[in-house]
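Undergrad: Provided herewith: model-v3.tsv, TSV, C-alpha atoms.
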chain	number	residue	atom	x	y	z
A	1	MET	CA	0.00	0.00	0.00
A	2	LYS	CA	1.44	3.35	-1.04
A	3	GLN	CA	2.07	6.16	1.44
A	4	LEU	CA	0.16	9.37	0.72
A	5	ILE	CA	2.53	12.24	1.54
A	6	VAL	CA	0.25	15.27	1.94
A	7	ASP	CA	0.98	18.98	1.71
A	8	GLY	CA	-0.29	19.85	5.18
A	9	ASP	CA	0.24	23.59	4.74
A	10	MET	CA	-2.26	23.78	1.91
A	11	LEU	CA	-4.71	21.40	3.59
A	12	ALA	CA	-4.81	23.31	6.89
A	13	TYR	CA	-5.06	26.70	5.19
A	14	ARG	CA	-7.98	25.68	2.98
A	15	ALA	CA	-9.76	23.79	5.75
A	16	ALA	CA	-9.49	26.68	8.21
A	17	PHE	CA	-10.78	29.23	5.68
A	18	SER	CA	-13.70	26.99	4.66
A	19	CYS	CA	-14.96	26.90	8.25
A	20	GLU	CA	-15.10	30.66	8.83
A	21	VAL	CA	-18.59	32.10	9.30
A	22	GLU	CA	-19.62	35.76	9.00
A	23	THR	CA	-22.44	36.90	11.29
A	24	LYS	CA	-24.24	40.25	11.17
A	25	TRP	CA	-25.66	40.96	14.63
A	26	ASP	CA	-27.31	44.32	14.03
A	27	GLU	CA	-27.01	47.38	11.80
A	28	ASP	CA	-23.49	48.03	13.02
A	29	HIS	CA	-21.78	44.84	14.16
A	30	TRP	CA	-20.31	41.88	12.31
A	31	THR	CA	-18.21	39.02	13.67
A	32	LEU	CA	-16.13	36.32	12.07
A	33	THR	CA	-16.07	32.98	13.87
A	34	SER	CA	-14.81	29.47	13.35
A	35	SER	CA	-15.42	26.12	15.00
A	36	GLU	CA	-12.61	23.78	16.01
A	37	THR	CA	-15.05	20.88	15.68
A	38	GLU	CA	-15.87	21.83	12.09
A	39	MET	CA	-12.20	22.31	11.21
A	40	MET	CA	-11.33	18.87	12.53
A	41	ALA	CA	-14.27	17.36	10.64
A	42	GLU	CA	-13.16	19.09	7.42
A	43	VAL	CA	-9.69	17.56	7.69
A	44	ASP	CA	-11.13	14.13	8.54
A	45	ARG	CA	-13.41	14.31	5.49
A	46	PHE	CA	-10.51	15.25	3.26
A	47	PHE	CA	-8.41	12.33	4.45
A	48	ASP	CA	-11.34	9.89	4.21
A	49	ASN	CA	-12.01	10.92	0.62
A	50	LEU	CA	-8.31	10.76	-0.18
A	51	SER	CA	-8.08	7.21	1.15
A	52	LYS	CA	-11.08	6.10	-0.90
A	53	ASN	CA	-9.91	7.80	-4.09
A	54	LEU	CA	-6.31	6.59	-3.92
A	55	GLY	CA	-6.85	3.24	-2.21
A	56	SER	CA	-4.57	3.84	0.77
A	57	ASP	CA	-5.09	4.71	4.41
A	58	THR	CA	-1.40	5.39	5.06
A	59	ILE	CA	-1.38	9.18	5.22
A	60	VAL	CA	1.53	11.43	6.27
A	61	PRO	CA	0.79	15.18	6.43
A	62	VAL	CA	3.88	17.40	6.17
A	63	PHE	CA	4.22	21.02	7.34
A	64	SER	CA	6.67	23.89	6.87
A	65	PRO	CA	8.59	25.55	9.71
A	66	ARG	CA	8.50	29.32	10.16
A	67	GLU	CA	11.85	29.76	8.38
A	68	ASN	CA	13.66	27.85	5.67
A	69	PHE	CA	16.84	27.93	3.60
A	70	ARG	CA	15.26	29.92	0.74
A	71	MET	CA	14.91	32.89	3.08
A	72	ASP	CA	18.69	32.82	3.53
A	73	LEU	CA	19.18	32.80	-0.24
A	74	PHE	CA	16.60	35.51	-0.87
A	75	PRO	CA	15.32	37.47	2.17
A	76	ASP	CA	12.24	38.68	0.24
A	77	TYR	CA	11.07	35.11	-0.42
A	78	LYS	CA	7.29	35.05	0.19
A	79	ILE	CA	7.62	38.28	2.18
A	80	HIS	CA	4.48	39.68	0.53
A	81	ARG	CA	2.43	36.98	2.25
A	82	LYS	CA	3.22	38.27	5.73
A	83	ASP	CA	0.63	41.03	5.43
A	84	LYS	CA	-2.12	38.72	4.19
A	85	ARG	CA	-4.69	37.65	6.73
A	86	LYS	CA	-4.49	34.02	7.74
A	87	PRO	CA	-7.67	32.07	8.52
A	88	LEU	CA	-8.92	31.85	12.08
A	89	GLY	CA	-7.47	28.94	14.03
A	90	LEU	CA	-4.81	28.06	11.46
A	91	ARG	CA	-1.99	27.56	13.94
A	92	TRP	CA	-4.25	25.53	16.23
A	93	LEU	CA	-5.44	23.36	13.34
A	94	ILE	CA	-1.89	22.65	12.17
A	95	GLU	CA	-0.92	21.44	15.65
A	96	TRP	CA	-4.05	19.30	15.85
A	97	VAL	CA	-3.38	17.64	12.48
A	98	LYS	CA	0.23	16.96	13.51
A	99	SER	CA	-0.98	15.25	16.68
A	100	ALA	CA	-3.98	13.39	15.26
A	101	TYR	CA	-2.27	12.15	12.08
A	102	ASP	CA	1.39	11.91	13.16
A	103	GLY	CA	2.37	14.82	10.95
A	104	LEU	CA	5.93	15.79	10.15
A	105	THR	CA	7.54	19.22	10.21
A	106	ALA	CA	10.39	19.96	7.85
A	107	GLU	CA	13.67	21.28	9.29
A	108	ASN	CA	14.99	24.42	7.56
A	109	MET	CA	13.00	23.56	4.44
A	110	GLU	CA	9.43	23.87	3.23
A	111	ALA	CA	6.89	21.07	3.31
A	112	ASP	CA	7.32	20.75	-0.47
A	113	ASP	CA	10.99	19.89	0.01
A	114	LEU	CA	10.42	17.21	2.64
A	115	ILE	CA	7.70	15.71	0.45
A	116	GLY	CA	10.14	15.79	-2.46
A	117	ILE	CA	12.82	14.05	-0.41
A	118	ILE	CA	10.46	11.34	0.83
A	119	CYS	CA	8.90	10.69	-2.58
A	120	THR	CA	12.13	10.66	-4.60
A	121	ARG	CA	13.61	8.30	-2.02
A	122	ASP	CA	10.78	5.84	-2.66
A	123	PRO	CA	8.99	6.82	-5.88
A	124	GLU	CA	7.27	3.43	-6.23
A	125	GLY	CA	5.87	3.41	-2.69
A	126	THR	CA	4.62	6.99	-2.36
A	127	ILE	CA	2.20	9.49	-3.85
A	128	ALA	CA	2.62	13.22	-3.23
A	129	VAL	CA	-0.66	15.05	-2.57
A	130	SER	CA	-0.81	18.78	-3.23
A	131	GLY	CA	-2.53	21.37	-5.39
A	132	ASP	CA	0.77	23.19	-5.96
A	133	LYS	CA	1.89	23.14	-9.61
A	134	ASP	CA	5.54	23.16	-8.47
A	135	PHE	CA	5.25	19.41	-7.85
A	136	GLY	CA	5.45	19.04	-11.61
A	137	THR	CA	9.22	19.52	-11.26
A	138	LEU	CA	9.60	16.27	-9.30
A	139	PRO	CA	10.12	12.81	-10.87
A	140	ILE	CA	7.37	11.23	-8.79
A	141	THR	CA	3.68	10.29	-8.80
A	142	TRP	CA	1.66	13.33	-7.82
A	143	TYR	CA	-2.05	13.68	-7.06
A	144	ASN	CA	-3.66	17.12	-7.32
A	145	PRO	CA	-6.81	17.03	-5.14
A	146	LEU	CA	-8.00	20.40	-6.46
A	147	LYS	CA	-8.32	18.94	-9.96
A	148	GLU	CA	-8.63	15.27	-8.94
A	149	GLU	CA	-5.75	14.49	-11.29
A	150	MET	CA	-2.97	11.93	-10.95
A	151	LYS	CA	0.27	12.22	-12.87
A	152	THR	CA	3.59	10.38	-12.92
A	153	THR	CA	6.37	12.74	-14.01
A	154	SER	CA	9.52	11.43	-15.65
A	155	PRO	CA	12.96	12.80	-14.67
A	156	GLU	CA	13.18	14.59	-18.02
A	157	GLU	CA	9.73	16.17	-17.65
A	158	GLY	CA	10.58	17.32	-14.13
A	159	ARG	CA	13.91	18.79	-15.21
A	160	ASN	CA	12.31	20.58	-18.15
A	161	TYR	CA	9.56	22.13	-16.03
A	162	HIS	CA	12.15	23.34	-13.54
A	163	LEU	CA	13.91	25.17	-16.37
A	164	VAL	CA	10.57	26.69	-17.41
A	165	GLN	CA	10.07	27.98	-13.88
A	166	THR	CA	13.61	29.37	-13.86
A	167	LEU	CA	12.69	31.58	-16.79
A	168	ALA	CA	9.14	32.40	-15.66
A	169	GLY	CA	9.73	32.86	-11.94
A	170	ASP	CA	6.88	32.53	-9.45
A	171	ALA	CA	5.07	35.70	-8.44
A	172	ALA	CA	3.06	33.74	-5.85
A	173	ASP	CA	6.31	33.02	-4.01
A	174	GLY	CA	7.68	36.52	-4.50
A	175	TYR	CA	10.51	35.96	-6.97
A	176	MET	CA	10.70	36.84	-10.63
A	177	GLY	CA	12.44	35.20	-13.56
A	178	VAL	CA	13.11	37.01	-16.83
A	179	ARG	CA	11.00	40.10	-17.35
A	180	GLY	CA	8.30	39.52	-19.95
A	181	ILE	CA	8.60	35.73	-19.93
A	182	GLY	CA	5.82	33.58	-18.49
A	183	GLU	CA	5.37	29.82	-18.65
A	184	VAL	CA	3.82	29.83	-22.14
A	185	THR	CA	6.61	31.95	-23.61
A	186	ALA	CA	9.25	29.90	-21.82
A	187	ARG	CA	7.90	26.64	-23.24
A	188	LYS	CA	7.86	28.11	-26.74
A	189	LEU	CA	11.46	29.26	-26.34
A	190	PHE	CA	12.64	25.86	-25.13
A	191	GLY	CA	10.59	24.20	-27.85
A	192	ARG	CA	12.60	26.08	-30.46
A	193	LYS	CA	16.04	25.84	-28.85
A	194	GLY	CA	15.86	22.76	-26.64
A	195	TYR	CA	15.68	22.42	-22.87
A	196	ASP	CA	19.18	23.47	-21.88
A	197	TRP	CA	20.79	25.65	-19.22
A	198	GLY	CA	22.50	27.63	-21.96
A	199	VAL	CA	19.08	28.75	-23.23
A	200	VAL	CA	18.29	30.02	-19.73
A	201	LEU	CA	21.53	32.02	-19.56
A	202	GLU	CA	20.94	33.48	-23.01
A	203	ALA	CA	17.46	34.69	-22.03
A	204	TYR	CA	18.77	36.22	-18.79
A	205	ALA	CA	21.62	37.96	-20.65
A	206	LYS	CA	19.16	39.52	-23.14
A	207	ALA	CA	17.30	40.97	-20.14
A	208	ASP	CA	20.56	42.46	-18.75
A	209	MET	CA	20.68	39.84	-16.01
A	210	ASP	CA	23.58	37.53	-15.26
A	211	GLU	CA	24.27	33.92	-14.34
A	212	GLU	CA	23.97	34.66	-10.62
A	213	ASP	CA	20.43	35.91	-11.19
A	214	ALA	CA	19.56	32.76	-13.13
A	215	LEU	CA	21.13	30.46	-10.54
A	216	LEU	CA	19.29	32.14	-7.68
A	217	THR	CA	15.93	31.76	-9.43
A	218	ALA	CA	16.70	28.13	-10.29
A	219	ARG	CA	17.52	27.37	-6.64
A	220	LEU	CA	14.38	29.07	-5.38
A	221	ALA	CA	12.24	27.13	-7.87
A	222	TYR	CA	13.87	23.76	-7.22
A	223	ILE	CA	12.17	21.31	-4.82
A	224	LEU	CA	14.71	19.16	-3.01
A	225	HIS	CA	15.25	15.51	-3.97
A	226	ASP	CA	16.55	12.77	-1.71
A	227	LYS	CA	20.06	13.18	-3.17
A	228	ASP	CA	20.11	16.83	-2.07
A	229	TYR	CA	19.78	16.17	1.65
A	230	ASN	CA	22.11	14.53	4.16
A	231	GLU	CA	19.86	13.17	6.89
A	232	GLU	CA	22.74	12.66	9.34
A	233	THR	CA	24.30	16.12	9.07
A	234	LYS	CA	21.06	17.94	8.07
A	235	GLU	CA	23.00	19.57	5.23
A	236	ILE	CA	21.21	20.72	2.08
A	237	THR	CA	22.96	20.65	-1.30
A	238	LEU	CA	21.80	23.54	-3.43
A	239	TRP	CA	20.90	22.96	-7.07
A	240	GLU	CA	23.67	23.22	-9.65
A	241	PRO	CA	23.30	23.26	-13.45
Render the structure in this file as structure tokens.

TA:
Amino acid sequence: MKQLIVDGDMLAYRAAFSCEVETKWDEDHWTLTSSETEMMAEVDRFFDNLSKNLGSDTIVPVFSPRENFRMDLFPDYKIHRKDKRKPLGLRWLIEWVKSAYDGLTAENMEADDLIGIICTRDPEGTIAVSGDKDFGTLPITWYNPLKEEMKTTSPEEGRNYHLVQTLAGDAADGYMGVRGIGEVTARKLFGRKGYDWGVVLEAYAKADMDEEDALLTARLAYILHDKDYNEETKEITLWEP
């Protein structure tokens, strides 16, 4: 039976938001409330449906710590999210899921990275579960619960998509690639010239950016594989072209 390695950050965030209730008390007063019971039930329902859909009841939710190595590489990484309101009870819900479902917390890396490490270590025995498109860079089996889609990505497909992201950047995570190049344009460019690091450097140079800019973006976009992490020393090996 395959292990379902779940993006706990996304699960908790969506579950907590879905349980918020607006109440208008009179002509002047509104409140926003949430129920711990409903939040727990929402998570339980998600996991029950996941087990039925994927045929496994071995579920491991994974969560991010407050800080990770990308913040050392690029201090503005996801900084724009700090001012966005988080759903009521999010921190409480995360701790409950960790306790109720034996969740894991990554050390100095995001949940995506720990999921990447676990799944690339045992690609035949695991399925990553997340709605994050970045999982398309990993040579694993990935289930997107938002679209109810399952995909097995080859090493070549994962490598190619990582190069696409290196050109396009990721505004949702607060870092940019080459100005004026999105995913569609990047794929067209690689389609003409081939998926190669030299194509990336050429595009950066045309935008008056250098190899350091390209390497930084590539490292921010790259989800760690098992080979990139030393479990004994806790050392992370950054991506190299």

Undergrad: Please return the centre and edge lengths, in Å to one decimal, of a box with edges along x, y and z that contains all listed atoms of stretch 14-21 of chain A, widened by 4 Å on every side, as AutoDock Vina command-line options.

TA:
--center_x -13.3 --center_y 27.9 --center_z 6.1 --size_x 18.6 --size_y 16.3 --size_z 14.3

Undergrad: What's around stretch 36-40 of chain A at 9 Å? Count all atoms listed in the file, leave out sequence neighbours fewer than 3 positions away in its own chain, and write the answer as a list in words.

TA: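 Surrounding residues, per the criterion: Ala12, Ala15, Ala16, Phe17, Ser18, Cys19, Val43, Asp44, Arg45, Gly89, Trp92, Leu93, Trp96 and Val97 of chain A.
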
Undergrad: Using all atoms listed in the file, which residues sit within 7 Å of A:Asn144 once same-chain residues fewer than 4 positions away are excluded, as an mmCIF file with C-alpha atoms, in the coordinates of the input?

TA:
data_model
loop_
_atom_site.group_PDB
_atom_site.id
_atom_site.type_symbol
_atom_site.label_atom_id
_atom_site.label_comp_id
_atom_site.auth_asym_id
_atom_site.auth_seq_id
_atom_site.Cartn_x
_atom_site.Cartn_y
_atom_site.Cartn_z
ATOM 1 C CA VAL A 129 -0.660 15.050 -2.570
ATOM 2 C CA SER A 130 -0.810 18.780 -3.230
ATOM 3 C CA GLY A 131 -2.530 21.370 -5.390
ATOM 4 C CA GLU A 148 -8.630 15.270 -8.940
ATOM 5 C CA GLU A 149 -5.750 14.490 -11.290
ATOM 6 C CA MET A 150 -2.970 11.930 -10.950
#

Undergrad: What is the distance between atom CA of A:Gly55 and atom CA of A:Ala106, in Å to one decimal?

TA: 26.0 Å

Undergrad: Counting all atoms listed in the file, what is within 6 Å of A:Gly177, bar same-chain residues fewer than 5 positions away, as JSON, numbers by chain?

TA: {"A": [166, 167, 168, 169]}

Undergrad: So, counting only C-alpha atoms, which residue among A:Phe46, A:Thr141, A:Glu235, A:Arg187 is closest to A:Cys119?

TA: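 Using only C-alpha atoms, A:Cys119 sits closest to A:Thr141.
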
Undergrad: Show me, as a list in words, the residues that have an atom within 12 Å of A:Tyr143 when counting all atoms listed in the file, minus same-chain residues fewer than 4 positions from it.

TA: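 Answer for this query is Leu4, Ile5, Val6, Asp7, Leu50, Asn53, Leu54, Thr126, Ile127, Ala128, Val129, Ser130, Gly131, Asp132, Lys133, Phe135, Gly136, Lys147, Glu148, Glu149, Met150, Lys151, Thr152 and Thr153 of chain A.
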
Undergrad: Here is a test: counting only C-alpha atoms, which residue of A:Leu201, A:Ile118, A:Val60, A:Met1 is nearest to A:Leu163?

TA: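 Once distances to A:Leu163 are computed over only C-alpha atoms, the minimum belongs to A:Leu201.
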
Undergrad: Hey, can you check how far atom CA of A:Tyr77 sits from atom CA of A:Trp239?

TA: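 Computing it gives 17.0 Å between the two atoms.
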
Undergrad: What does the distance from atom CA of A:His80 to atom CA of A:Leu138 come to in Å, to one decimal?

TA: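 One can read the atom CA of A:His80 to atom CA of A:Leu138 distance as 25.9 Å.
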
Undergrad: Using only C-alpha atoms, which of A:Gly191, A:Gly103, A:Pro87, A:Pro155 sits nearest A:Pro61?

TA: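 Result for the nearest residue to A:Pro61: A:Gly103.
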
Undergrad: Which polymer residues have any atom within 7 Å of an atom of stretch 62-69 of chain A, counting all atoms listed in the file, with same-chain residues fewer than 2 positions away left out, as a VMD selection string?

TA: chain A and resid 6 to 9 60 71 to 73 103 to 111

Undergrad: Mind filling out stretch 138-164 of chain A with N, CA and C atoms and sending it as a PDB file, in the coordinates of the input?

TA:
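The result, written out as result06.pdb:
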ATOM      1  N   LEU A 138       9.062  17.456  -9.971  1.00  0.00           N
ATOM      2  CA  LEU A 138       9.600  16.270  -9.300  1.00  0.00           C
ATOM      3  C   LEU A 138       9.335  14.988 -10.101  1.00  0.00           C
ATOM      4  N   PRO A 139      10.321  14.089 -10.171  1.00  0.00           N
ATOM      5  CA  PRO A 139      10.120  12.810 -10.870  1.00  0.00           C
ATOM      6  C   PRO A 139       9.420  11.793  -9.975  1.00  0.00           C
ATOM      7  N   ILE A 140       8.139  12.025  -9.733  1.00  0.00           N
ATOM      8  CA  ILE A 140       7.370  11.230  -8.790  1.00  0.00           C
ATOM      9  C   ILE A 140       5.941  11.059  -9.315  1.00  0.00           C
ATOM     10  N   THR A 141       5.128  10.326  -8.551  1.00  0.00           N
ATOM     11  CA  THR A 141       3.680  10.290  -8.800  1.00  0.00           C
ATOM     12  C   THR A 141       3.038  11.332  -7.903  1.00  0.00           C
ATOM     13  N   TRP A 142       2.232  12.172  -8.516  1.00  0.00           N
ATOM     14  CA  TRP A 142       1.660  13.330  -7.820  1.00  0.00           C
ATOM     15  C   TRP A 142       0.162  13.396  -8.070  1.00  0.00           C
ATOM     16  N   TYR A 143      -0.593  13.540  -6.979  1.00  0.00           N
ATOM     17  CA  TYR A 143      -2.050  13.680  -7.060  1.00  0.00           C
ATOM     18  C   TYR A 143      -2.433  15.097  -6.679  1.00  0.00           C
ATOM     19  N   ASN A 144      -3.166  15.772  -7.574  1.00  0.00           N
ATOM     20  CA  ASN A 144      -3.660  17.120  -7.320  1.00  0.00           C
ATOM     21  C   ASN A 144      -5.126  17.020  -6.894  1.00  0.00           C
ATOM     22  N   PRO A 145      -5.427  17.190  -5.600  1.00  0.00           N
ATOM     23  CA  PRO A 145      -6.810  17.030  -5.140  1.00  0.00           C
ATOM     24  C   PRO A 145      -7.732  18.155  -5.613  1.00  0.00           C
ATOM     25  N   LEU A 146      -7.168  19.296  -5.999  1.00  0.00           N
ATOM     26  CA  LEU A 146      -8.000  20.400  -6.460  1.00  0.00           C
ATOM     27  C   LEU A 146      -8.583  20.089  -7.842  1.00  0.00           C
ATOM     28  N   LYS A 147      -7.861  19.319  -8.631  1.00  0.00           N
ATOM     29  CA  LYS A 147      -8.320  18.940  -9.960  1.00  0.00           C
ATOM     30  C   LYS A 147      -8.676  17.462 -10.061  1.00  0.00           C
ATOM     31  N   GLU A 148      -8.428  16.721  -8.975  1.00  0.00           N
ATOM     32  CA  GLU A 148      -8.630  15.270  -8.940  1.00  0.00           C
ATOM     33  C   GLU A 148      -7.861  14.606 -10.084  1.00  0.00           C
ATOM     34  N   GLU A 149      -6.598  15.007 -10.230  1.00  0.00           N
ATOM     35  CA  GLU A 149      -5.750  14.490 -11.290  1.00  0.00           C
ATOM     36  C   GLU A 149      -4.520  13.784 -10.719  1.00  0.00           C
ATOM     37  N   MET A 150      -4.173  12.670 -11.322  1.00  0.00           N
ATOM     38  CA  MET A 150      -2.970  11.930 -10.950  1.00  0.00           C
ATOM     39  C   MET A 150      -2.001  11.951 -12.118  1.00  0.00           C
ATOM     40  N   LYS A 151      -0.726  12.184 -11.816  1.00  0.00           N
ATOM     41  CA  LYS A 151       0.270  12.220 -12.870  1.00  0.00           C
ATOM     42  C   LYS A 151       1.586  11.637 -12.366  1.00  0.00           C
ATOM     43  N   THR A 152       2.241  10.855 -13.213  1.00  0.00           N
ATOM     44  CA  THR A 152       3.590  10.380 -12.920  1.00  0.00           C
ATOM     45  C   THR A 152       4.541  11.132 -13.851  1.00  0.00           C
ATOM     46  N   THR A 153       5.445  11.885 -13.261  1.00  0.00           N
ATOM     47  CA  THR A 153       6.370  12.740 -14.010  1.00  0.00           C
ATOM     48  C   THR A 153       7.705  12.033 -14.181  1.00  0.00           C
ATOM     49  N   SER A 154       8.214  12.029 -15.393  1.00  0.00           N
ATOM     50  CA  SER A 154       9.520  11.430 -15.650  1.00  0.00           C
ATOM     51  C   SER A 154      10.625  12.399 -15.222  1.00  0.00           C
ATOM     52  N   PRO A 155      11.847  11.902 -15.006  1.00  0.00           N
ATOM     53  CA  PRO A 155      12.960  12.800 -14.670  1.00  0.00           C
ATOM     54  C   PRO A 155      13.142  13.904 -15.701  1.00  0.00           C
ATOM     55  N   GLU A 156      12.999  13.575 -16.979  1.00  0.00           N
ATOM     56  CA  GLU A 156      13.180  14.590 -18.020  1.00  0.00           C
ATOM     57  C   GLU A 156      12.082  15.648 -17.956  1.00  0.00           C
ATOM     58  N   GLU A 157      10.835  15.219 -17.753  1.00  0.00           N
ATOM     59  CA  GLU A 157       9.730  16.170 -17.650  1.00  0.00           C
ATOM     60  C   GLU A 157       9.919  17.100 -16.455  1.00  0.00           C
ATOM     61  N   GLY A 158      10.351  16.519 -15.324  1.00  0.00           N
ATOM     62  CA  GLY A 158      10.580  17.320 -14.130  1.00  0.00           C
ATOM     63  C   GLY A 158      11.693  18.336 -14.338  1.00  0.00           C
ATOM     64  N   ARG A 159      12.781  17.891 -14.942  1.00  0.00           N
ATOM     65  CA  ARG A 159      13.910  18.790 -15.210  1.00  0.00           C
ATOM     66  C   ARG A 159      13.483  19.908 -16.149  1.00  0.00           C
ATOM     67  N   ASN A 160      12.740  19.575 -17.183  1.00  0.00           N
ATOM     68  CA  ASN A 160      12.310  20.580 -18.150  1.00  0.00           C
ATOM     69  C   ASN A 160      11.397  21.631 -17.510  1.00  0.00           C
ATOM     70  N   TYR A 161      10.472  21.173 -16.660  1.00  0.00           N
ATOM     71  CA  TYR A 161       9.560  22.130 -16.030  1.00  0.00           C
ATOM     72  C   TYR A 161      10.309  23.032 -15.056  1.00  0.00           C
ATOM     73  N   HIS A 162      11.330  22.499 -14.421  1.00  0.00           N
ATOM     74  CA  HIS A 162      12.150  23.340 -13.540  1.00  0.00           C
ATOM     75  C   HIS A 162      12.825  24.452 -14.335  1.00  0.00           C
ATOM     76  N   LEU A 163      13.307  24.143 -15.520  1.00  0.00           N
ATOM     77  CA  LEU A 163      13.910  25.170 -16.370  1.00  0.00           C
ATOM     78  C   LEU A 163      12.873  26.211 -16.799  1.00  0.00           C
ATOM     79  N   VAL A 164      11.655  25.760 -17.082  1.00  0.00           N
ATOM     80  CA  VAL A 164      10.570  26.690 -17.410  1.00  0.00           C
ATOM     81  C   VAL A 164      10.348  27.653 -16.258  1.00  0.00           C
TER      82      VAL A 164
END
